[in-house]
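Have a look at entry-v1.txt; it's compact mmCIF, C-alpha atoms:
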# COMPACT_ATOMS: atom_id res chain seq x y z
CA MET A 24 3.11 -61.65 23.67
CA ASN A 25 3.99 -63.37 20.39
CA ARG A 26 6.78 -65.84 19.80
CA SER A 27 8.96 -63.42 17.90
CA SER A 28 10.09 -61.31 20.85
CA PHE A 29 13.81 -61.47 21.66
CA THR A 30 13.76 -59.16 24.62
CA ARG A 31 15.47 -59.55 27.96
CA ARG A 32 12.17 -59.79 29.81
CA LEU A 33 10.82 -62.56 27.58
CA PHE A 34 13.98 -64.62 27.89
CA LEU A 35 13.90 -64.39 31.68
CA ARG A 36 10.22 -65.32 31.80
CA GLN A 37 10.61 -68.26 29.47
CA ALA A 38 13.83 -69.65 30.95
CA VAL A 39 11.91 -72.22 32.96
CA ARG A 40 12.27 -75.94 33.10
CA ALA A 41 10.94 -77.49 29.90
CA GLY A 42 10.07 -81.11 29.29
CA ALA A 43 13.21 -81.72 27.25
CA ALA A 44 15.51 -79.80 29.57
CA GLY A 45 17.42 -82.88 30.67
CA VAL A 46 18.12 -84.15 27.18
CA VAL A 47 21.84 -83.24 27.20
CA MET A 48 24.00 -85.41 29.39
CA PRO A 49 26.67 -83.64 31.50
CA SER A 50 29.46 -85.33 29.55
CA LEU A 51 28.57 -83.26 26.52
CA ILE A 52 29.80 -80.01 28.03
CA LYS A 53 33.08 -81.28 29.42
CA GLY A 54 36.22 -80.42 27.56
CA CYS A 55 39.89 -79.39 27.68
CA SER A 56 40.75 -82.51 29.63
CA SER A 57 44.37 -83.42 30.31
CA GLU A 58 43.56 -87.00 29.28
CA ARG A 59 45.25 -87.97 26.01
CA ARG A 60 44.16 -90.43 23.38
CA ALA A 61 46.34 -92.33 20.97
CA VAL A 62 46.80 -90.42 17.73
CA VAL A 63 44.69 -92.08 15.04
CA SER A 64 45.07 -90.65 11.57
CA PRO A 65 41.61 -90.29 10.02
CA VAL A 66 40.97 -92.27 6.86
CA PHE A 67 38.87 -90.69 4.13
CA ARG A 68 37.65 -92.40 0.99
CA ASP A 69 38.02 -90.66 -2.36
CA ILE A 70 34.69 -92.13 -3.43
CA ALA A 71 32.05 -94.11 -1.60
CA PRO A 72 32.19 -97.89 -2.00
CA GLU A 73 30.01 -99.76 -4.45
CA GLY A 74 26.74 -101.01 -3.06
CA ARG A 75 23.02 -100.93 -3.36
CA GLU A 76 21.40 -98.14 -5.32
CA LEU A 77 20.50 -95.17 -3.19
CA ARG A 78 17.74 -92.74 -4.07
CA ALA A 79 17.74 -89.30 -2.48
CA GLY A 80 15.21 -86.52 -2.07
CA VAL A 81 15.93 -82.83 -1.57
CA ILE A 82 13.87 -80.64 0.76
CA GLY A 83 14.83 -77.03 0.10
CA CYS A 84 15.86 -76.46 -3.51
CA GLY A 85 17.74 -73.16 -3.22
CA SER A 86 21.43 -72.80 -3.91
CA ARG A 87 22.52 -74.87 -0.90
CA GLY A 88 20.03 -77.65 -1.57
CA THR A 89 20.98 -77.76 -5.24
CA GLY A 90 24.66 -77.77 -4.33
CA ALA A 91 24.19 -80.57 -1.83
CA ALA A 92 22.31 -82.60 -4.44
CA THR A 93 25.18 -82.28 -6.91
CA ASP A 94 27.69 -83.14 -4.18
CA PHE A 95 25.67 -86.29 -3.42
CA LEU A 96 25.79 -87.30 -7.08
CA ALA A 97 29.56 -86.73 -7.21
CA ALA A 98 30.20 -88.87 -4.13
CA ALA A 99 29.41 -92.32 -5.51
CA SER A 100 28.14 -94.38 -8.38
CA GLY A 101 24.67 -95.87 -8.18
CA VAL A 102 23.04 -92.82 -6.60
CA THR A 103 20.20 -90.71 -7.97
CA ILE A 104 18.01 -87.77 -7.00
CA THR A 105 14.38 -88.81 -7.40
CA ALA A 106 12.28 -86.31 -5.40
CA LEU A 107 12.27 -82.56 -4.81
CA GLY A 108 10.37 -80.32 -2.43
CA ASP A 109 10.35 -76.56 -1.93
CA LEU A 110 7.96 -73.87 -0.79
CA PHE A 111 8.29 -72.12 -4.16
CA GLU A 112 7.79 -73.67 -7.58
CA ASP A 113 10.38 -71.48 -9.31
CA ARG A 114 13.16 -72.65 -6.99
CA LEU A 115 12.12 -76.27 -7.41
CA ASN A 116 12.14 -75.89 -11.19
CA SER A 117 15.57 -74.26 -11.14
CA CYS A 118 17.03 -77.16 -9.16
CA ARG A 119 15.21 -79.70 -11.30
CA ASN A 120 16.51 -78.16 -14.52
CA ILE A 121 20.12 -78.09 -13.27
CA LEU A 122 19.97 -81.71 -12.19
CA ASN A 123 18.43 -82.73 -15.50
CA ARG A 124 20.67 -80.66 -17.77
CA GLU A 125 23.99 -81.19 -16.01
CA TYR A 126 23.55 -84.53 -14.24
CA SER A 127 20.92 -86.39 -16.33
CA GLN A 128 18.56 -86.68 -13.37
CA GLN A 129 15.03 -86.91 -14.71
CA ILE A 130 12.67 -86.30 -11.83
CA ASP A 131 9.05 -87.19 -12.45
CA ASP A 132 6.30 -84.63 -11.90
CA SER A 133 4.73 -86.94 -9.34
CA ASN A 134 7.84 -86.60 -7.17
CA CYS A 135 7.94 -82.79 -7.18
CA PHE A 136 6.21 -81.04 -4.30
CA THR A 137 5.65 -77.39 -3.40
CA GLY A 138 4.21 -75.51 -0.43
CA PHE A 139 4.86 -75.64 3.29
CA ASP A 140 3.98 -79.37 3.32
CA ALA A 141 6.27 -80.25 0.42
CA TRP A 142 8.62 -82.07 2.82
CA LYS A 143 5.89 -84.60 3.60
CA GLY A 144 5.59 -85.53 -0.06
CA VAL A 145 9.34 -86.01 -0.42
CA LEU A 146 9.53 -88.24 2.65
CA ALA A 147 6.56 -90.31 1.46
CA SER A 148 8.28 -91.02 -1.87
CA ASP A 149 10.55 -93.99 -2.52
CA ILE A 150 13.85 -92.58 -1.24
CA ASP A 151 16.61 -93.84 1.04
CA VAL A 152 18.33 -90.54 1.84
CA VAL A 153 17.01 -87.03 2.31
CA ILE A 154 18.92 -83.75 2.03
CA LEU A 155 17.48 -81.13 4.41
CA ALA A 156 18.44 -77.68 3.14
CA THR A 157 15.57 -75.31 3.89
CA PRO A 158 16.09 -72.24 6.07
CA PRO A 159 17.10 -73.47 9.56
CA ALA A 160 13.76 -72.56 11.19
CA PHE A 161 12.14 -75.56 9.53
CA ARG A 162 14.92 -78.06 10.23
CA PRO A 163 13.72 -79.61 13.55
CA GLU A 164 10.33 -80.60 12.15
CA HIS A 165 11.73 -81.89 8.89
CA PHE A 166 14.48 -83.87 10.66
CA SER A 167 11.99 -85.46 13.02
CA GLY A 168 9.80 -86.44 10.08
CA ALA A 169 12.76 -87.87 8.19
CA ILE A 170 13.83 -90.15 11.04
CA ASP A 171 10.22 -91.22 11.67
CA ALA A 172 10.16 -92.17 7.97
CA ARG A 173 13.41 -94.11 8.49
CA LYS A 174 15.50 -92.09 6.05
CA HIS A 175 19.22 -91.44 6.27
CA VAL A 176 19.85 -87.69 6.45
CA TYR A 177 22.19 -85.00 5.23
CA LEU A 178 21.45 -82.31 7.82
CA GLU A 179 22.49 -78.84 6.72
CA LYS A 180 23.75 -76.50 9.42
CA PRO A 181 22.57 -74.84 11.59
CA VAL A 182 19.82 -77.16 12.75
CA ALA A 183 17.56 -74.75 14.67
CA VAL A 184 17.08 -71.11 15.63
CA ASP A 185 15.93 -71.48 19.26
CA PRO A 186 16.51 -73.74 22.29
CA PRO A 187 13.38 -75.93 21.89
CA GLY A 188 14.36 -76.56 18.28
CA VAL A 189 17.85 -77.66 19.32
CA ARG A 190 16.48 -80.00 21.96
CA SER A 191 14.15 -81.49 19.37
CA VAL A 192 17.10 -82.20 17.06
CA ILE A 193 19.07 -83.82 19.88
CA ALA A 194 16.15 -86.08 20.72
CA THR A 195 15.68 -86.97 17.05
CA SER A 196 19.40 -87.71 16.67
CA ARG A 197 19.21 -90.18 19.52
CA LYS A 198 16.18 -91.78 17.87
CA ALA A 199 18.19 -92.06 14.63
CA GLU A 200 21.03 -93.73 16.50
CA GLY A 201 18.66 -96.26 17.97
CA ALA A 202 17.27 -96.98 14.51
CA GLY A 203 20.72 -97.45 12.96
CA LEU A 204 20.27 -94.49 10.62
CA SER A 205 23.15 -92.27 9.52
CA VAL A 206 23.07 -88.49 9.92
CA VAL A 207 25.84 -86.35 8.44
CA ALA A 208 25.83 -82.62 9.13
CA GLY A 209 26.86 -79.65 7.01
CA THR A 210 29.62 -78.67 9.46
CA ILE A 211 32.02 -79.49 6.66
CA LYS A 212 35.32 -78.92 8.43
CA ARG A 213 34.83 -82.23 10.25
CA HIS A 214 35.07 -83.75 6.77
CA GLN A 215 38.07 -81.71 5.68
CA ARG A 216 41.18 -83.87 5.70
CA ASP A 217 43.67 -81.30 6.95
CA TYR A 218 41.42 -80.20 9.83
CA ALA A 219 40.75 -83.83 10.79
CA ALA A 220 44.45 -84.70 10.83
CA THR A 221 45.24 -81.65 12.96
CA GLN A 222 42.42 -82.50 15.38
CA SER A 223 43.88 -85.98 15.81
CA MET A 224 47.25 -84.49 16.70
CA ILE A 225 45.70 -82.13 19.25
CA ALA A 226 43.70 -84.98 20.77
CA GLY A 227 46.98 -86.84 21.14
CA GLY A 228 48.49 -83.99 23.17
CA ALA A 229 50.50 -82.16 20.52
CA ILE A 230 49.96 -78.76 22.19
CA GLY A 231 49.43 -80.08 25.72
CA ASP A 232 46.46 -78.93 27.78
CA ILE A 233 44.36 -76.34 25.96
CA VAL A 234 44.40 -72.98 27.73
CA SER A 235 42.63 -70.64 25.26
CA ALA A 236 41.28 -70.32 21.74
CA ASN A 237 39.91 -67.82 19.25
CA CYS A 238 37.62 -68.13 16.26
CA TYR A 239 36.66 -65.57 13.64
CA TYR A 240 34.11 -65.27 10.87
CA ASN A 241 34.55 -61.67 9.74
CA VAL A 242 33.28 -61.18 6.19
CA GLY A 243 31.29 -58.72 4.10
CA ARG A 244 27.53 -58.51 4.03
CA LEU A 245 25.59 -61.38 2.51
CA TRP A 246 22.94 -61.25 -0.17
CA HIS A 247 19.60 -59.50 0.16
CA ARG A 248 16.42 -60.28 -1.75
CA LYS A 249 14.31 -57.18 -2.37
CA PRO A 250 10.57 -57.90 -2.01
CA GLU A 251 8.50 -58.04 -5.18
CA PRO A 252 5.09 -56.30 -5.17
CA GLN A 253 3.24 -59.59 -5.69
CA TRP A 254 4.92 -61.34 -2.73
CA SER A 255 3.20 -61.64 0.62
CA GLU A 256 5.11 -60.71 3.77
CA MET A 257 5.80 -64.38 4.48
CA GLU A 258 7.09 -65.02 0.96
CA SER A 259 9.31 -61.93 1.15
CA MET A 260 10.81 -63.10 4.44
CA VAL A 261 11.42 -66.69 3.36
CA ARG A 262 13.02 -65.62 0.08
CA ASP A 263 15.21 -63.23 2.10
CA TRP A 264 15.64 -65.71 4.95
CA VAL A 265 19.32 -65.06 5.69
CA ASN A 266 18.39 -61.58 6.99
CA TRP A 267 15.69 -62.62 9.50
CA CYS A 268 16.51 -64.08 12.89
CA TRP A 269 13.46 -66.32 13.12
CA LEU A 270 14.51 -68.01 9.87
CA SER A 271 18.32 -68.05 10.11
CA GLY A 272 19.13 -67.60 13.81
CA ASP A 273 21.23 -64.50 12.98
CA HIS A 274 24.65 -64.82 11.38
CA ILE A 275 26.39 -65.97 14.56
CA VAL A 276 24.22 -69.09 14.24
CA GLU A 277 23.80 -69.42 10.49
CA GLN A 278 27.40 -68.79 9.42
CA HIS A 279 29.74 -68.59 12.41
CA ILE A 280 28.68 -72.08 13.55
CA HIS A 281 31.43 -73.44 11.26
CA SER A 282 34.19 -71.85 13.34
CA LEU A 283 32.51 -72.47 16.69
CA ASP A 284 32.09 -76.15 15.83
CA VAL A 285 35.81 -76.50 15.07
CA LEU A 286 36.70 -75.33 18.57
CA HIS A 287 34.14 -77.64 20.20
CA TRP A 288 35.50 -80.55 18.17
CA PHE A 289 39.13 -79.80 19.10
CA MET A 290 38.35 -79.02 22.76
CA GLY A 291 36.15 -82.08 23.18
CA GLY A 292 33.24 -80.25 24.78
CA TYR A 293 30.93 -77.26 24.85
CA PRO A 294 30.84 -74.00 26.83
CA VAL A 295 28.92 -73.70 30.07
CA ALA A 296 28.30 -69.93 29.71
CA ALA A 297 28.55 -66.99 27.34
CA LEU A 298 28.92 -63.24 27.77
CA GLY A 299 28.58 -61.36 24.52
CA VAL A 300 28.12 -58.00 22.87
CA GLY A 301 26.89 -57.11 19.43
CA SER A 302 25.27 -54.34 17.45
CA ARG A 303 23.77 -53.27 14.16
CA GLN A 304 26.09 -50.71 12.58
CA ARG A 305 25.38 -50.75 8.86
CA ARG A 306 22.83 -53.48 8.22
CA VAL A 307 19.64 -52.14 6.66
CA THR A 308 17.80 -55.41 6.01
CA GLY A 309 15.89 -57.74 8.30
CA ASP A 310 16.12 -57.58 12.10
CA GLN A 311 19.60 -58.97 12.86
CA TYR A 312 22.89 -57.64 14.16
CA ASP A 313 25.87 -57.28 11.85
CA ASN A 314 28.56 -58.01 14.45
CA PHE A 315 29.06 -60.14 17.58
CA SER A 316 31.91 -60.59 20.05
CA VAL A 317 31.41 -63.31 22.64
CA ASP A 318 33.48 -64.72 25.49
CA PHE A 319 32.65 -68.40 25.98
CA GLU A 320 33.55 -70.18 29.21
CA MET A 321 34.32 -73.90 29.28
CA GLU A 322 33.94 -76.13 32.31
CA GLY A 323 37.08 -75.74 34.44
CA GLY A 324 37.60 -72.09 33.62
CA VAL A 325 39.16 -72.15 30.14
CA HIS A 326 37.76 -69.40 27.91
CA TYR A 327 37.64 -68.90 24.17
CA HIS A 328 36.76 -65.79 22.22
CA SER A 329 34.42 -65.70 19.24
CA MET A 330 34.14 -62.82 16.77
CA CYS A 331 31.93 -62.55 13.70
CA ARG A 332 30.95 -59.67 11.46
CA GLN A 333 29.13 -59.09 8.16
CA ILE A 334 30.13 -55.54 7.16
CA ASP A 335 31.68 -54.44 3.87
CA GLY A 336 34.96 -52.54 3.80
CA CYS A 337 36.48 -54.12 6.93
CA HIS A 338 39.34 -56.53 7.56
CA ASN A 339 38.13 -60.05 6.82
CA ILE A 340 39.28 -63.20 8.57
CA VAL A 341 37.79 -66.69 8.80
CA ALA A 342 39.98 -68.77 11.08
CA GLU A 343 40.39 -70.73 14.30
CA LYS A 344 43.39 -70.67 16.64
CA MET A 345 44.16 -72.62 19.77
CA TRP A 346 46.85 -72.38 22.45
CA GLY A 347 48.05 -75.06 24.84
CA THR A 348 50.68 -75.57 27.49
CA LYS A 349 53.12 -76.95 24.89
CA GLY A 350 52.35 -74.87 21.82
CA TYR A 351 49.62 -73.65 19.52
CA THR A 352 47.84 -74.48 16.25
CA ASN A 353 45.96 -72.77 13.46
CA CYS A 354 43.62 -75.80 13.63
CA VAL A 355 43.85 -76.46 9.91
CA ASN A 356 47.37 -77.65 9.06
CA THR A 357 50.15 -76.42 11.40
CA ILE A 358 51.29 -77.03 14.97
CA SER A 359 54.01 -74.90 16.56
CA ASP A 360 55.83 -75.02 19.87
CA ARG A 361 55.64 -72.21 22.43
CA ASP A 362 58.53 -70.38 20.79
CA GLY A 363 56.81 -70.35 17.40
CA ASN A 364 58.85 -73.12 15.81
CA VAL A 365 56.74 -75.29 13.48
CA LYS A 366 56.91 -78.89 14.64
CA TRP A 367 54.23 -80.40 12.38
CA ASN A 368 52.59 -79.58 9.06
CA TYR A 369 49.82 -81.44 7.30
CA SER A 370 51.07 -83.16 4.15
CA TYR A 371 49.01 -82.16 1.14
CA PRO A 372 49.15 -84.06 -2.17
CA VAL A 373 52.18 -83.26 -4.31
CA ASP A 374 52.29 -82.32 -7.98
CA ASP A 375 54.16 -84.13 -10.74
CA GLU A 376 57.40 -82.51 -9.62
CA GLY A 377 56.97 -83.54 -6.01
CA ARG A 378 55.97 -80.11 -4.72
CA ASP A 379 53.33 -79.66 -2.03
CA THR A 380 50.18 -78.39 -3.74
CA GLY A 381 48.60 -77.01 -0.56
CA ARG A 382 45.27 -78.30 -1.84
CA LEU A 383 43.02 -81.14 -0.79
CA PRO A 384 42.12 -83.80 -3.35
CA LEU A 385 38.39 -83.35 -2.71
CA SER A 386 36.01 -80.64 -1.62
CA PRO A 387 34.80 -81.21 1.95
CA PHE A 388 31.28 -80.62 0.60
CA VAL A 389 31.62 -83.76 -1.50
CA GLN A 390 33.49 -85.57 1.29
CA CYS A 391 30.44 -85.17 3.55
CA HIS A 392 28.37 -87.20 1.10
CA ILE A 393 31.10 -89.76 0.50
CA ASP A 394 31.18 -90.33 4.25
CA LEU A 395 27.38 -90.53 4.48
CA ILE A 396 27.04 -93.00 1.60
CA SER A 397 29.99 -95.04 2.92
CA ALA A 398 28.30 -95.31 6.32
CA ILE A 399 25.08 -96.52 4.71
CA ARG A 400 26.69 -99.03 2.38
CA THR A 401 29.13 -100.46 4.92
CA GLY A 402 26.46 -100.77 7.59
CA VAL A 403 28.53 -98.73 10.07
CA PRO A 404 26.25 -95.80 10.99
CA LEU A 405 27.63 -92.29 11.35
CA ASN A 406 25.60 -89.80 13.40
CA GLU A 407 26.65 -86.15 13.69
CA GLY A 408 23.24 -84.81 14.65
CA GLU A 409 23.91 -84.23 18.33
CA ALA A 410 27.27 -82.54 17.72
CA VAL A 411 25.85 -80.03 15.23
CA ALA A 412 22.86 -79.45 17.51
CA MET A 413 25.12 -78.60 20.45
CA SER A 414 27.22 -76.21 18.35
CA THR A 415 23.96 -74.60 17.22
CA MET A 416 22.91 -74.21 20.85
CA VAL A 417 26.23 -72.57 21.73
CA ALA A 418 25.78 -70.06 18.91
CA ILE A 419 22.23 -69.31 20.07
CA MET A 420 23.56 -68.85 23.61
CA GLY A 421 26.02 -66.26 22.33
CA ARG A 422 23.30 -64.51 20.36
CA ILE A 423 20.94 -64.29 23.32
CA SER A 424 23.71 -62.97 25.57
CA ALA A 425 24.46 -60.20 23.07
CA TYR A 426 20.78 -59.42 22.52
CA THR A 427 20.00 -59.20 26.24
CA GLY A 428 23.30 -58.01 27.72
CA ARG A 429 23.23 -60.90 30.19
CA ARG A 430 25.65 -63.70 30.96
CA ILE A 431 23.76 -66.77 29.74
CA THR A 432 24.47 -70.31 30.92
CA MET A 433 24.02 -73.60 29.12
CA ASP A 434 21.73 -74.71 31.96
CA GLU A 435 19.44 -71.79 31.10
CA MET A 436 19.55 -72.73 27.43
CA MET A 437 18.65 -76.32 28.13
CA ALA A 438 15.71 -75.16 30.25
CA SER A 439 14.53 -72.29 28.05
CA GLY A 440 11.13 -72.34 26.41
CA LEU A 441 12.01 -69.38 24.18
CA GLN A 442 10.65 -69.96 20.68
CA ILE A 443 10.90 -67.49 17.83
CA GLY A 444 8.90 -67.20 14.64
CA PRO A 445 5.21 -67.08 13.71
CA GLU A 446 2.63 -69.42 15.22
CA ARG A 447 1.59 -70.65 11.77
CA TYR A 448 3.41 -71.07 8.49
CA GLU A 449 1.21 -69.70 5.71
CA LEU A 450 1.65 -67.26 2.87
CA GLY A 451 0.29 -63.91 4.00
CA PRO A 452 1.00 -61.41 6.79
CA VAL A 453 3.53 -62.37 9.49
CA ASP A 454 2.95 -61.34 13.08
CA ILE A 455 6.56 -60.40 13.77
CA PRO A 456 7.55 -56.84 14.68
CA ASP A 457 10.57 -55.48 12.82
CA VAL A 458 12.48 -54.68 16.02
CA VAL A 459 16.23 -54.92 16.52
CA PRO A 460 17.09 -56.19 20.04
CA VAL A 461 18.45 -53.64 22.53
CA PRO A 462 20.62 -55.13 25.32
CA GLY A 463 19.95 -54.12 28.89
CA ASN A 464 16.57 -52.60 28.06
CA PRO A 465 14.51 -53.02 31.26
CA ALA A 466 11.31 -52.12 29.44
CA GLY A 467 11.90 -54.90 26.91

Translate the structure of the given file into structure tokens.
Amino acid sequence: MNRSSFTRRLFLRQAVRAGAAGVVMPSLIKGCSSERRAVVSPVFRDIAPEGRELRAGVIGCGSRGTGAATDFLAAASGVTITALGDLFEDRLNSCRNILNREYSQQIDDSNCFTGFDAWKGVLASDIDVVILATPPAFRPEHFSGAIDARKHVYLEKPVAVDPPGVRSVIATSRKAEGAGLSVVAGTIKRHQRDYAATQSMIAGGAIGDIVSANCYYNVGRLWHRKPEPQWSEMESMVRDWVNWCWLSGDHIVEQHIHSLDVLHWFMGGYPVAALGVGSRQRRVTGDQYDNFSVDFEMEGGVHYHSMCRQIDGCHNIVAEKMWGTKGYTNCVNTISDRDGNVKWNYSYPVDDEGRDTGRLPLSPFVQCHIDLISAIRTGVPLNEGEAVAMSTMVAIMGRISAYTGRRITMDEMMASGLQIGPERYELGPVDIPDVVPVPGNPAG
């Protein structure tokens, strides 16, 4: 049986104790405590402090990698992009040309690498920071290599597509912490000033004990890359990666992780179990679902509901909401009492006439890199690797529950040996059946 199977039978067979099963300490899944902390307003810099020159490399030169590279350049003075790596030469050249034309970054041919081993060339070059922005399937290996090479890391979300990959990222994050390296993740709402201020208020008890929450990522369908005749099956899949579970983790993992991570951040912990449903109603590409609805259970019995959908022509909503014994919040900028009276609003910058603009001074995408560079230059490491890994694991837990029709526990996830994807990465045929999971299928 190959690694690509997502069936109920395979999950049950492979949910056995693995060597890394004990990597997550029990404290990581506790949350919703009645303990209150002093409210500390987060402080964000508008630009990273001056300091030593920092050279960065980019692994994964698609739109997200190119965007992250430009965000890095906008975050501070004295920073440059000096190395690029991508599986495909055309994507590398596109990124290289944008950085040269719009940001005066002249990257030497000797620091441009293509192929499945391109990441090794980037890490071997003279860089201080690496931006990891390939499809998520490749993230655990690249992250491990980056920390072994003693590089600071911008770690795009999600960080894995299966439980062993998540456990690898957790172990690598702990290695980074021991080495004093900084790791900032692409879960950008943790770097969004209004969200961070609201989280501080909730941590200080502004809505009392949390009793329930909801999160939504209901949008239209994403892009699809139609295969070209000259592309191999592997090339077609990687270029169309957002539609294949072994590359993206399905959209509950790849996209909805943003909303899930907000709830974990605000609740101070991670679910112990998930019971989900999902289906494929209109999607005609890849092997993924186009909708999920999952009930997540926290330790102590508090539940939150997660909903995500990628179908055109439907009601769209991307939001998080949370209720407590004293009130509720939209998680981004408002706290109300139980009767619906607003008792706190986040204060946005004002315009020249003193009116609230409702806008942040900086994009959270840029703020991520300001915070990363600040951590490096001040010598106060910042490590978000374990948090983004755990949110990735929760999303995978919800996906597997929907795929199988089973209630899945975090203990099972931490013990699971389920790996998805081909045995080898090479351009050519891919031994992965184009099969959409069917929950409750005993013959699976």

Can you build me a table of range 203-234 of chain A residues sitting at most 9 Å from range 408-413 of chain A, with the closest atom pair per residue and its distance in Å to one decimal, using all atoms listed in the file, sorted by chain and residue number, as a Markdown table?
| residue | atom | partner | partner_atom | distance |
| --- | --- | --- | --- | --- |
| A:Val206 | CA | A:Gly408 | CA | 6.0 |
| A:Val207 | CA | A:Gly408 | CA | 6.9 |
| A:Ala208 | CA | A:Gly408 | CA | 6.5 |
| A:Gly209 | CA | A:Val411 | CA | 8.3 |
| A:Thr210 | CA | A:Val411 | CA | 7.0 |

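Minimum atom-to-atom distances from A:Cys391, A:Ala297, A:Ala236, A:Leu110 to Glu407 in chain A were compared using all atoms listed in the file, and the lowest value belongs to A:Cys391.
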
Worksheet item: What lies within 12 Å of Asp457 in chain A using all atoms listed in the file, ignoring chain neighbours under 6 positions off, as a count of residues only?
Response: 15

Taking (16.2, -91.5, 17.8) in the file's coordinates as the center, which residues reach within 12 Å of it, counting all atoms listed in the file, put as an mmCIF file with C-alpha atoms, in the frame of the given file?
data_model
loop_
_atom_site.group_PDB
_atom_site.id
_atom_site.type_symbol
_atom_site.label_atom_id
_atom_site.label_comp_id
_atom_site.auth_asym_id
_atom_site.auth_seq_id
_atom_site.Cartn_x
_atom_site.Cartn_y
_atom_site.Cartn_z
ATOM 1 C CA PHE A 166 14.480 -83.870 10.660
ATOM 2 C CA SER A 167 11.990 -85.460 13.020
ATOM 3 C CA GLY A 168 9.800 -86.440 10.080
ATOM 4 C CA ALA A 169 12.760 -87.870 8.190
ATOM 5 C CA ILE A 170 13.830 -90.150 11.040
ATOM 6 C CA ASP A 171 10.220 -91.220 11.670
ATOM 7 C CA ALA A 172 10.160 -92.170 7.970
ATOM 8 C CA ARG A 173 13.410 -94.110 8.490
ATOM 9 C CA LYS A 174 15.500 -92.090 6.050
ATOM 10 C CA HIS A 175 19.220 -91.440 6.270
ATOM 11 C CA SER A 191 14.150 -81.490 19.370
ATOM 12 C CA VAL A 192 17.100 -82.200 17.060
ATOM 13 C CA ILE A 193 19.070 -83.820 19.880
ATOM 14 C CA ALA A 194 16.150 -86.080 20.720
ATOM 15 C CA THR A 195 15.680 -86.970 17.050
ATOM 16 C CA SER A 196 19.400 -87.710 16.670
ATOM 17 C CA ARG A 197 19.210 -90.180 19.520
ATOM 18 C CA LYS A 198 16.180 -91.780 17.870
ATOM 19 C CA ALA A 199 18.190 -92.060 14.630
ATOM 20 C CA GLU A 200 21.030 -93.730 16.500
ATOM 21 C CA GLY A 201 18.660 -96.260 17.970
ATOM 22 C CA ALA A 202 17.270 -96.980 14.510
ATOM 23 C CA GLY A 203 20.720 -97.450 12.960
ATOM 24 C CA LEU A 204 20.270 -94.490 10.620
ATOM 25 C CA SER A 205 23.150 -92.270 9.520
ATOM 26 C CA VAL A 206 23.070 -88.490 9.920
ATOM 27 C CA ASN A 406 25.600 -89.800 13.400
ATOM 28 C CA GLY A 408 23.240 -84.810 14.650
ATOM 29 C CA GLU A 409 23.910 -84.230 18.330
#

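Note that CA of Leu441 in chain A and CA of Trp254 in chain A are 29.0 Å apart.
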
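The closest residue to Ile104 in chain A, picked from A:Asp360, A:Asp313, A:Asp69, A:Asp151 and counting only C-alpha atoms, is A:Asp151.
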
Item to complete: In the coordinates of the file, take the point (50.4, -82.5, 2.3) and a cut-off of 10 Å; then, counting only C-alpha atoms, name each qualifying protein, DNA or RNA residue as a PyMOL selection string.
Response: chain A and resi 216-217+356+368-373+378-383

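Atom pair CA of Ile225 in chain A / CA of Pro387 in chain A: separated by 20.5 Å.
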
Worksheet entry | Shell around Asp273 in chain A at 12 Å using all atoms listed in the file, local window under 6 positions removed, as an MDAnalysis selection string | chainID A and resid 29 158:160 181 183:185 245 264:267 279:280 301:303 308:315 331:333 415 418:423 425:426 443 459:460

Residues within 9 Å of Tyr218 in chain A, all atoms listed in the file, excluding chain neighbours under 5 positions, as a short mmCIF file (atom, residue, chain, number, x, y, z; two decimals) with C-alpha atoms, in the frame of the given file:
data_model
loop_
_atom_site.label_atom_id
_atom_site.label_comp_id
_atom_site.auth_asym_id
_atom_site.auth_seq_id
_atom_site.Cartn_x
_atom_site.Cartn_y
_atom_site.Cartn_z
CA LYS A 212 35.32 -78.92 8.43
CA ARG A 213 34.83 -82.23 10.25
CA SER A 223 43.88 -85.98 15.81
CA VAL A 285 35.81 -76.50 15.07
CA CYS A 354 43.62 -75.80 13.63
CA VAL A 355 43.85 -76.46 9.91
CA ASN A 356 47.37 -77.65 9.06
CA TYR A 369 49.82 -81.44 7.30
#

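Nearest to Ser316 in chain A of all the residues A:Ile358, A:Cys238, A:Ala220, A:Val102 is A:Cys238, based on only C-alpha atoms.
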
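Closest approach to Val341 in chain A from the set A:Trp246, A:Phe67, A:Tyr239, A:Phe95 is made by A:Tyr239, with distances taken over only C-alpha atoms.
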
Practice prompt. For each of A:Leu96, A:Val81, A:Leu115, A:Leu450, take the minimum atom-to-atom distance to Ser127 in chain A, counting only C-alpha atoms, then give the residue where this is smallest.
Written response: A:Leu96

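With only C-alpha atoms as the atoms that count, the residue of A:Asp263, A:Asp362, A:Asp94, A:Glu446 with the shortest distance to Ala79 in chain A is A:Asp94.
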
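Across the structure, CA of Arg361 in chain A and CA of Met224 in chain A are spaced 15.9 Å apart.
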
Leaving out Leu77 in chain A and any residue of its chain fewer than 3 positions from it, which residues lie within 10 Å of it when counting only C-alpha atoms, given as an mmCIF file with C-alpha atoms, in the frame of the given file?
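This is the output file result37.cif:
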data_model
loop_
_atom_site.group_PDB
_atom_site.id
_atom_site.type_symbol
_atom_site.label_atom_id
_atom_site.label_comp_id
_atom_site.auth_asym_id
_atom_site.auth_seq_id
_atom_site.Cartn_x
_atom_site.Cartn_y
_atom_site.Cartn_z
ATOM 1 C CA GLY A 74 26.740 -101.010 -3.060
ATOM 2 C CA ALA A 99 29.410 -92.320 -5.510
ATOM 3 C CA SER A 100 28.140 -94.380 -8.380
ATOM 4 C CA GLY A 101 24.670 -95.870 -8.180
ATOM 5 C CA VAL A 102 23.040 -92.820 -6.600
ATOM 6 C CA THR A 103 20.200 -90.710 -7.970
ATOM 7 C CA ILE A 104 18.010 -87.770 -7.000
ATOM 8 C CA THR A 105 14.380 -88.810 -7.400
ATOM 9 C CA ILE A 150 13.850 -92.580 -1.240
ATOM 10 C CA ASP A 151 16.610 -93.840 1.040
ATOM 11 C CA VAL A 152 18.330 -90.540 1.840
ATOM 12 C CA ILE A 396 27.040 -93.000 1.600
ATOM 13 C CA ILE A 399 25.080 -96.520 4.710
ATOM 14 C CA ARG A 400 26.690 -99.030 2.380
#
